[in-house]
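data.pdb, holding PDB, N, CA and C atoms:
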ATOM      1  N   MET N   1      96.888 118.164  98.862
ATOM      2  CA  MET N   1      96.282 116.979  98.299
ATOM      3  C   MET N   1      95.630 117.340  96.973
ATOM      4  N   ALA N   2      95.821 116.509  96.019
ATOM      5  CA  ALA N   2      95.166 116.697  94.734
ATOM      6  C   ALA N   2      93.676 116.430  94.907
ATOM      7  N   ASN N   3      92.884 116.934  94.002
ATOM      8  CA  ASN N   3      91.465 116.655  94.154
ATOM      9  C   ASN N   3      91.172 115.210  93.733
ATOM     10  N   LYS N   4      89.989 114.761  94.079
ATOM     11  CA  LYS N   4      89.632 113.361  93.862
ATOM     12  C   LYS N   4      89.681 112.982  92.384
ATOM     13  N   ARG N   5      89.254 113.868  91.531
ATOM     14  CA  ARG N   5      89.252 113.577  90.102
ATOM     15  C   ARG N   5      90.670 113.335  89.593
ATOM     16  N   GLN N   6      91.611 114.167  90.015
ATOM     17  CA  GLN N   6      93.001 114.009  89.586
ATOM     18  C   GLN N   6      93.611 112.720  90.136
ATOM     19  N   LEU N   7      93.307 112.379  91.387
ATOM     20  CA  LEU N   7      93.826 111.144  91.962
ATOM     21  C   LEU N   7      93.282 109.923  91.221
ATOM     22  N   LYS N   8      91.989 109.926  90.955
ATOM     23  CA  LYS N   8      91.399 108.803  90.232
ATOM     24  C   LYS N   8      91.983 108.682  88.830
ATOM     25  N   ARG N   9      92.195 109.806  88.180
ATOM     26  CA  ARG N   9      92.782 109.793  86.836
ATOM     27  C   ARG N   9      94.203 109.241  86.874
ATOM     28  N   ALA N  10      94.978 109.639  87.877
ATOM     29  CA  ALA N  10      96.355 109.158  87.999
ATOM     30  C   ALA N  10      96.384 107.653  88.280
ATOM     31  N   ILE N  11      95.467 107.175  89.100
ATOM     32  CA  ILE N  11      95.390 105.744  89.392
ATOM     33  C   ILE N  11      95.047 104.966  88.129
ATOM     34  N   ARG N  12      94.050 105.439  87.408
ATOM     35  CA  ARG N  12      93.661 104.757  86.169
ATOM     36  C   ARG N  12      94.790 104.768  85.142
ATOM     37  N   TYR N  13      95.505 105.872  85.059
ATOM     38  CA  TYR N  13      96.619 105.967  84.115
ATOM     39  C   TYR N  13      97.718 104.974  84.477
ATOM     40  N   ALA N  14      98.075 104.923  85.764
ATOM     41  CA  ALA N  14      99.137 104.014  86.206
ATOM     42  C   ALA N  14      98.744 102.561  85.955
ATOM     43  N   CYS N  15      97.503 102.226  86.252
ATOM     44  CA  CYS N  15      97.052 100.852  86.040
ATOM     45  C   CYS N  15      96.988 100.505  84.558
ATOM     46  N   SER N  16      96.567 101.451  83.737
ATOM     47  CA  SER N  16      96.519 101.174  82.296
ATOM     48  C   SER N  16      97.919 100.997  81.722
ATOM     49  N   GLU N  17      98.894 101.716  82.268
ATOM     50  CA  GLU N  17     100.283 101.530  81.824
ATOM     51  C   GLU N  17     100.776 100.123  82.169
ATOM     52  N   MET N  18     100.444  99.650  83.369
ATOM     53  CA  MET N  18     100.861  98.300  83.763
ATOM     54  C   MET N  18     100.191  97.243  82.883
ATOM     55  N   VAL N  19      98.916  97.432  82.581
ATOM     56  CA  VAL N  19      98.208  96.486  81.713
ATOM     57  C   VAL N  19      98.818  96.516  80.308
ATOM     58  N   GLY N  20      99.175  97.689  79.821
ATOM     59  CA  GLY N  20      99.830  97.793  78.517
ATOM     60  C   GLY N  20     101.139  97.021  78.482
ATOM     61  N   GLU N  21     101.892  97.093  79.572
ATOM     62  CA  GLU N  21     103.141  96.314  79.644
ATOM     63  C   GLU N  21     102.857  94.814  79.598
ATOM     64  N   CYS N  22     101.777  94.396  80.243
ATOM     65  CA  CYS N  22     101.414  92.974  80.214
ATOM     66  C   CYS N  22     101.049  92.536  78.802
ATOM     67  N   PHE N  23     100.255  93.343  78.104
ATOM     68  CA  PHE N  23      99.892  93.006  76.725
ATOM     69  C   PHE N  23     101.131  92.964  75.837
ATOM     70  N   PHE N  24     102.026  93.912  76.029
ATOM     71  CA  PHE N  24     103.259  93.937  75.250
ATOM     72  C   PHE N  24     104.074  92.681  75.510
ATOM     73  N   ALA N  25     104.170  92.284  76.778
ATOM     74  CA  ALA N  25     104.935  91.091  77.129
ATOM     75  C   ALA N  25     104.290  89.836  76.547
ATOM     76  N   GLU N  26     102.966  89.764  76.585
ATOM     77  CA  GLU N  26     102.276  88.599  76.019
ATOM     78  C   GLU N  26     102.581  88.449  74.532
ATOM     79  N   ASP N  27     102.657  89.580  73.841
ATOM     80  CA  ASP N  27     102.879  89.543  72.395
ATOM     81  C   ASP N  27     104.338  89.328  72.014
ATOM     82  N   THR N  28     105.270  89.774  72.832
ATOM     83  CA  THR N  28     106.674  89.753  72.428
ATOM     84  C   THR N  28     107.497  88.628  73.037
ATOM     85  N   ILE N  29     107.100  88.089  74.161
ATOM     86  CA  ILE N  29     107.870  87.028  74.798
ATOM     87  C   ILE N  29     107.419  85.693  74.228
ATOM     88  N   GLU N  30     108.355  84.986  73.658
ATOM     89  CA  GLU N  30     108.030  83.679  73.091
ATOM     90  C   GLU N  30     107.822  82.680  74.212
ATOM     91  N   GLY N  31     106.763  81.904  74.094
ATOM     92  CA  GLY N  31     106.453  80.894  75.103
ATOM     93  C   GLY N  31     105.901  81.481  76.390
ATOM     94  N   ALA N  32     105.340  82.684  76.318
ATOM     95  CA  ALA N  32     104.787  83.323  77.512
ATOM     96  C   ALA N  32     103.561  82.545  77.990
ATOM     97  N   ASP N  33     103.446  82.387  79.294
ATOM     98  CA  ASP N  33     102.294  81.726  79.890
ATOM     99  C   ASP N  33     101.151  82.752  79.956
ATOM    100  N   LEU N  34     100.264  82.689  78.994
ATOM    101  CA  LEU N  34      99.207  83.688  78.865
ATOM    102  C   LEU N  34      98.265  83.706  80.063
ATOM    103  N   ASP N  35      98.038  82.542  80.666
ATOM    104  CA  ASP N  35      97.150  82.497  81.830
ATOM    105  C   ASP N  35      97.726  83.297  82.995
ATOM    106  N   LYS N  36      99.024  83.210  83.203
ATOM    107  CA  LYS N  36      99.655  83.957  84.287
ATOM    108  C   LYS N  36      99.627  85.459  84.007
ATOM    109  N   TRP N  37      99.863  85.836  82.754
ATOM    110  CA  TRP N  37      99.797  87.258  82.395
ATOM    111  C   TRP N  37      98.370  87.781  82.547
ATOM    112  N   ASP N  38      97.396  86.969  82.147
ATOM    113  CA  ASP N  38      95.997  87.381  82.308
ATOM    114  C   ASP N  38      95.629  87.521  83.784
ATOM    115  N   ASN N  39      96.170  86.651  84.625
ATOM    116  CA  ASN N  39      95.927  86.748  86.064
ATOM    117  C   ASN N  39      96.498  88.054  86.625
ATOM    118  N   ILE N  40      97.648  88.462  86.133
ATOM    119  CA  ILE N  40      98.237  89.737  86.562
ATOM    120  C   ILE N  40      97.348  90.900  86.132
ATOM    121  N   ILE N  41      96.799  90.816  84.925
ATOM    122  CA  ILE N  41      95.908  91.868  84.440
ATOM    123  C   ILE N  41      94.668  91.964  85.325
ATOM    124  N   VAL N  42      94.136  90.834  85.736
ATOM    125  CA  VAL N  42      92.982  90.836  86.645
ATOM    126  C   VAL N  42      93.371  91.475  87.981
ATOM    127  N   ASN N  43      94.557  91.154  88.483
ATOM    128  CA  ASN N  43      95.023  91.751  89.740
ATOM    129  C   ASN N  43      95.168  93.272  89.617
ATOM    130  N   ILE N  44      95.612  93.724  88.467
ATOM    131  CA  ILE N  44      95.734  95.166  88.237
ATOM    132  C   ILE N  44      94.353  95.815  88.228
ATOM    133  N   ALA N  45      93.389  95.156  87.605
ATOM    134  CA  ALA N  45      92.021  95.692  87.584
ATOM    135  C   ALA N  45      91.452  95.768  88.999
ATOM    136  N   LEU N  46      91.721  94.750  89.813
ATOM    137  CA  LEU N  46      91.255  94.771  91.205
ATOM    138  C   LEU N  46      91.946  95.873  91.996
ATOM    139  N   LEU N  47      93.239  96.057  91.739
ATOM    140  CA  LEU N  47      93.984  97.139  92.384
ATOM    141  C   LEU N  47      93.367  98.489  92.027
ATOM    142  N   GLN N  48      93.078  98.680  90.762
ATOM    143  CA  GLN N  48      92.493  99.943  90.317
ATOM    144  C   GLN N  48      91.148 100.189  90.999
ATOM    145  N   ALA N  49      90.299  99.177  91.029
ATOM    146  CA  ALA N  49      88.974  99.342  91.634
ATOM    147  C   ALA N  49      89.089  99.677  93.120
ATOM    148  N   GLU N  50      89.949  98.975  93.835
ATOM    149  CA  GLU N  50      90.109  99.229  95.261
ATOM    150  C   GLU N  50      90.713 100.606  95.521
ATOM    151  N   ALA N  51      91.707 100.988  94.746
ATOM    152  CA  ALA N  51      92.351 102.290  94.943
ATOM    153  C   ALA N  51      91.384 103.429  94.653
ATOM    154  N   VAL N  52      90.587 103.306  93.598
ATOM    155  CA  VAL N  52      89.611 104.354  93.279
ATOM    156  C   VAL N  52      88.570 104.444  94.393
ATOM    157  N   ASN N  53      88.175 103.302  94.948
ATOM    158  CA  ASN N  53      87.225 103.326  96.066
ATOM    159  C   ASN N  53      87.833 104.001  97.289
ATOM    160  N   ARG N  54      89.119 103.822  97.519
ATOM    161  CA  ARG N  54      89.778 104.426  98.671
ATOM    162  C   ARG N  54      89.925 105.942  98.521
ATOM    163  N   VAL N  55      89.854 106.444  97.314
ATOM    164  CA  VAL N  55      89.926 107.889  97.108
ATOM    165  C   VAL N  55      88.660 108.559  97.640
ATOM    166  N   SER N  56      87.547 107.880  97.500
ATOM    167  CA  SER N  56      86.247 108.456  97.862
ATOM    168  C   SER N  56      85.940 108.225  99.345
ATOM    169  N   VAL N  57      86.696 108.874 100.211
ATOM    170  CA  VAL N  57      86.435 108.799 101.649
ATOM    171  C   VAL N  57      85.825 110.123 102.100
ATOM    172  N   ASP N  58      85.040 110.057 103.142
ATOM    173  CA  ASP N  58      84.411 111.255 103.686
ATOM    174  C   ASP N  58      84.798 111.416 105.148
ATOM    175  N   PHE N  59      84.959 112.644 105.546
ATOM    176  CA  PHE N  59      85.213 112.968 106.944
ATOM    177  C   PHE N  59      83.874 112.850 107.665
ATOM    178  N   ASP N  60      83.795 111.972 108.634
ATOM    179  CA  ASP N  60      82.513 111.644 109.239
ATOM    180  C   ASP N  60      82.067 112.577 110.360
ATOM    181  N   LYS N  61      82.811 113.599 110.648
ATOM    182  CA  LYS N  61      82.457 114.534 111.717
ATOM    183  C   LYS N  61      81.882 115.809 111.100
ATOM    184  N   LYS N  62      81.142 116.528 111.910
ATOM    185  CA  LYS N  62      80.532 117.789 111.496
ATOM    186  C   LYS N  62      81.151 118.935 112.290
ATOM    187  N   PRO N  63      81.090 120.162 111.782
ATOM    188  CA  PRO N  63      81.655 121.300 112.524
ATOM    189  C   PRO N  63      81.079 121.461 113.927
ATOM    190  N   LYS N  64      79.836 121.088 114.117
ATOM    191  CA  LYS N  64      79.228 121.235 115.439
ATOM    192  C   LYS N  64      79.810 120.254 116.464
ATOM    193  N   ASP N  65      80.563 119.224 115.986
ATOM    194  CA  ASP N  65      81.211 118.272 116.892
ATOM    195  C   ASP N  65      82.475 118.843 117.531
ATOM    196  N   PHE N  66      82.914 120.010 117.081
ATOM    197  CA  PHE N  66      84.157 120.616 117.554
ATOM    198  C   PHE N  66      83.861 121.925 118.272
ATOM    199  N   ASP N  67      84.851 122.367 119.048
ATOM    200  CA  ASP N  67      84.709 123.619 119.796
ATOM    201  C   ASP N  67      84.712 124.839 118.887
ATOM    202  N   SER N  68      85.485 124.731 117.791
ATOM    203  CA  SER N  68      85.578 125.872 116.883
ATOM    204  C   SER N  68      85.724 125.381 115.447
ATOM    205  N   LYS N  69      85.528 126.288 114.553
ATOM    206  CA  LYS N  69      85.699 125.985 113.129
ATOM    207  C   LYS N  69      87.159 125.635 112.829
ATOM    208  N   LYS N  70      88.074 126.295 113.521
ATOM    209  CA  LYS N  70      89.492 126.024 113.326
ATOM    210  C   LYS N  70      89.831 124.590 113.735
ATOM    211  N   ALA N  71      89.306 124.129 114.850
ATOM    212  CA  ALA N  71      89.555 122.758 115.303
ATOM    213  C   ALA N  71      88.996 121.753 114.300
ATOM    214  N   TYR N  72      87.831 122.064 113.752
ATOM    215  CA  TYR N  72      87.232 121.205 112.730
ATOM    216  C   TYR N  72      88.131 121.130 111.503
ATOM    217  N   ASN N  73      88.609 122.287 111.032
ATOM    218  CA  ASN N  73      89.466 122.317 109.842
ATOM    219  C   ASN N  73      90.770 121.571 110.068
ATOM    220  N   VAL N  74      91.357 121.705 111.250
ATOM    221  CA  VAL N  74      92.602 121.000 111.563
ATOM    222  C   VAL N  74      92.371 119.490 111.549
ATOM    223  N   ALA N  75      91.301 119.042 112.188
ATOM    224  CA  ALA N  75      90.995 117.609 112.233
ATOM    225  C   ALA N  75      90.673 117.066 110.841
ATOM    226  N   ARG N  76      89.944 117.843 110.059
ATOM    227  CA  ARG N  76      89.574 117.426 108.699
ATOM    228  C   ARG N  76      90.814 117.301 107.811
ATOM    229  N   ARG N  77      91.697 118.304 107.897
ATOM    230  CA  ARG N  77      92.937 118.252 107.120
ATOM    231  C   ARG N  77      93.785 117.051 107.515
ATOM    232  N   ALA N  78      93.898 116.795 108.814
ATOM    233  CA  ALA N  78      94.685 115.659 109.291
ATOM    234  C   ALA N  78      94.082 114.336 108.804
ATOM    235  N   PHE N  79      92.760 114.240 108.807
ATOM    236  CA  PHE N  79      92.088 113.029 108.339
ATOM    237  C   PHE N  79      92.406 112.756 106.874
ATOM    238  N   PHE N  80      92.269 113.780 106.031
ATOM    239  CA  PHE N  80      92.509 113.585 104.602
ATOM    240  C   PHE N  80      93.989 113.380 104.291
ATOM    241  N   LYS N  81      94.864 114.006 105.056
ATOM    242  CA  LYS N  81      96.292 113.789 104.860
ATOM    243  C   LYS N  81      96.650 112.335 105.172
ATOM    244  N   GLN N  82      96.088 111.790 106.250
ATOM    245  CA  GLN N  82      96.337 110.400 106.603
ATOM    246  C   GLN N  82      95.732 109.456 105.567
ATOM    247  N   ALA N  83      94.548 109.790 105.063
ATOM    248  CA  ALA N  83      93.919 108.964 104.031
ATOM    249  C   ALA N  83      94.770 108.944 102.761
ATOM    250  N   GLU N  84      95.352 110.085 102.419
ATOM    251  CA  GLU N  84      96.219 110.153 101.241
ATOM    252  C   GLU N  84      97.484 109.330 101.444
ATOM    253  N   LYS N  85      98.071 109.392 102.642
ATOM    254  CA  LYS N  85      99.260 108.591 102.941
ATOM    255  C   LYS N  85      98.945 107.100 102.870
ATOM    256  N   ASP N  86      97.792 106.708 103.412
ATOM    257  CA  ASP N  86      97.394 105.304 103.371
ATOM    258  C   ASP N  86      97.182 104.828 101.941
ATOM    259  N   LEU N  87      96.578 105.666 101.118
ATOM    260  CA  LEU N  87      96.364 105.316  99.716
ATOM    261  C   LEU N  87      97.696 105.174  98.981
ATOM    262  N   ALA N  88      98.610 106.097  99.216
ATOM    263  CA  ALA N  88      99.920 106.038  98.563
ATOM    264  C   ALA N  88     100.669 104.774  98.976
ATOM    265  N   LYS N  89     100.600 104.442 100.255
ATOM    266  CA  LYS N  89     101.268 103.225 100.748
ATOM    267  C   LYS N  89     100.653 101.985 100.108
ATOM    268  N   TYR N  90      99.328 101.939 100.050
ATOM    269  CA  TYR N  90      98.630 100.810  99.439
ATOM    270  C   TYR N  90      99.028 100.659  97.971
ATOM    271  N   MET N  91      99.001 101.749  97.229
ATOM    272  CA  MET N  91      99.361 101.693  95.810
ATOM    273  C   MET N  91     100.804 101.249  95.618
ATOM    274  N   ARG N  92     101.707 101.778  96.430
ATOM    275  CA  ARG N  92     103.118 101.417  96.310
ATOM    276  C   ARG N  92     103.325  99.924  96.584
ATOM    277  N   GLU N  93     102.746  99.431  97.675
ATOM    278  CA  GLU N  93     102.925  98.028  98.029
ATOM    279  C   GLU N  93     102.331  97.093  96.979
ATOM    280  N   GLU N  94     101.130  97.383  96.536
ATOM    281  CA  GLU N  94     100.473  96.520  95.557
ATOM    282  C   GLU N  94     101.161  96.596  94.194
ATOM    283  N   THR N  95     101.620  97.771  93.812
ATOM    284  CA  THR N  95     102.325  97.913  92.546
ATOM    285  C   THR N  95     103.645  97.148  92.584
ATOM    286  N   GLU N  96     104.333  97.184  93.715
ATOM    287  CA  GLU N  96     105.578  96.420  93.848
ATOM    288  C   GLU N  96     105.316  94.924  93.739
ATOM    289  N   LYS N  97     104.235  94.436  94.337
ATOM    290  CA  LYS N  97     103.888  93.015  94.234
ATOM    291  C   LYS N  97     103.627  92.628  92.786
ATOM    292  N   ILE N  98     102.865  93.459  92.092
ATOM    293  CA  ILE N  98     102.537  93.167  90.699
ATOM    294  C   ILE N  98     103.793  93.218  89.838
ATOM    295  N   ALA N  99     104.664  94.189  90.091
ATOM    296  CA  ALA N  99     105.907  94.285  89.320
ATOM    297  C   ALA N  99     106.785  93.051  89.542
ATOM    298  N   LYS N 100     106.824  92.554  90.764
ATOM    299  CA  LYS N 100     107.597  91.329  91.036
ATOM    300  C   LYS N 100     107.018  90.144  90.281
ATOM    301  N   GLU N 101     105.676  90.041  90.251
ATOM    302  CA  GLU N 101     105.038  88.967  89.496
ATOM    303  C   GLU N 101     105.371  89.078  88.012
ATOM    304  N   MET N 102     105.338  90.293  87.486
ATOM    305  CA  MET N 102     105.635  90.505  86.072
ATOM    306  C   MET N 102     107.092  90.158  85.780
ATOM    307  N   ASN N 103     107.997  90.591  86.640
ATOM    308  CA  ASN N 103     109.419  90.314  86.430
ATOM    309  C   ASN N 103     109.723  88.830  86.507
ATOM    310  N   ALA N 104     108.978  88.097  87.345
ATOM    311  CA  ALA N 104     109.196  86.661  87.467
ATOM    312  C   ALA N 104     108.824  85.917  86.176
ATOM    313  N   LEU N 105     107.920  86.488  85.406
ATOM    314  CA  LEU N 105     107.489  85.833  84.166
ATOM    315  C   LEU N 105     108.379  86.163  82.974
ATOM    316  N   VAL N 106     109.222  87.160  83.120
ATOM    317  CA  VAL N 106     110.119  87.522  82.022
ATOM    318  C   VAL N 106     111.327  86.592  82.068
ATOM    319  N   PRO N 107     111.640  85.943  80.941
ATOM    320  CA  PRO N 107     112.780  85.014  80.943
ATOM    321  C   PRO N 107     114.102  85.784  81.142
ATOM    322  N   LYS N 108     115.000  85.141  81.832
ATOM    323  CA  LYS N 108     116.317  85.725  82.080
ATOM    324  C   LYS N 108     117.156  85.654  80.804
ATOM    325  N   SER N 109     117.845  86.729  80.494
ATOM    326  CA  SER N 109     118.683  86.732  79.294
ATOM    327  C   SER N 109     119.975  85.967  79.589
ATOM    328  N   LYS N 110     120.500  85.358  78.554
ATOM    329  CA  LYS N 110     121.705  84.530  78.724
ATOM    330  C   LYS N 110     122.935  85.227  78.273
TER     331      LYS N 110
END

Could the structure of this file be written out as structure tokens, please?
Amino acid sequence: MANKRQLKRAIRYACSEMVGECFFAEDTIEGADLDKWDNIIVNIALLQAEAVNRVSVDFDKKPKDFDSKKAYNVARRAFFKQAEKDLAKYMREETEKIAKEMNALVPKSK
């Protein structure tokens, strides 16, 4: 697992790239519905805030709750691995939704 700082940086980078695409589309697509593009930008900001919050999870158990230090480490690793999988799934699903919204606003070429 990457450290929290790297994960947060990657999330912010991905979200800023999506927002940049929205700004580019607003400027280059003639007759673009700016309110809909702005709504997508707000959704991206909400996605970023929620994803960054999900990075900052803590393992709520202490070593004294386990029989051994090894059992604690195994449980802790499993907890963070599952948290990382859940975060990746959340980001993938939400990014796909936003991409579909963005694609729906792009006019079809003739």

### Message
From the options N:Val55, N:Leu105, N:Ala49, N:Ala75, which residue's atoms come nearest to Ile29 in chain N, counting only C-alpha atoms?
### Response
N:Leu105

### Message
Going by the chain IDs and residue numbers used in this file, which residues fall under the PyMOL selection byres (((chain N and resi 86-92 and name CA) around 9) and name CA)? Write them as a PyMOL selection string.
### Response
chain N and resi 11+47-48+51+54-55+81-85+93-97

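Nearest-residue note for Val19 in chain N: choosing from N:Ile40, N:Val52, N:Lys64, N:Leu34, the minimum distance belongs to N:Ile40, counting only N, CA and C atoms.
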
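For the residues N:Asp67, N:Lys108, N:Thr28, N:Ile44, ranking by smallest atom-to-atom distance to Ser16 in chain N using all atoms listed in the file places N:Ile44 first.
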
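One distance worth recording is that between CA of Val57 in chain N and CA of Asn3 in chain N, which is 12.0 Å.
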
### Message
Write out as a VMD selection string the set of residues from chain N that DSSP, computed on the backbone, places in helix (DSSP H, G or I).
### Response
chain N and resid 4 to 28 34 to 55 63 to 65 69 to 105

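The space separating atom C of Arg9 in chain N from CA of Leu46 in chain N comes to 15.4 Å.
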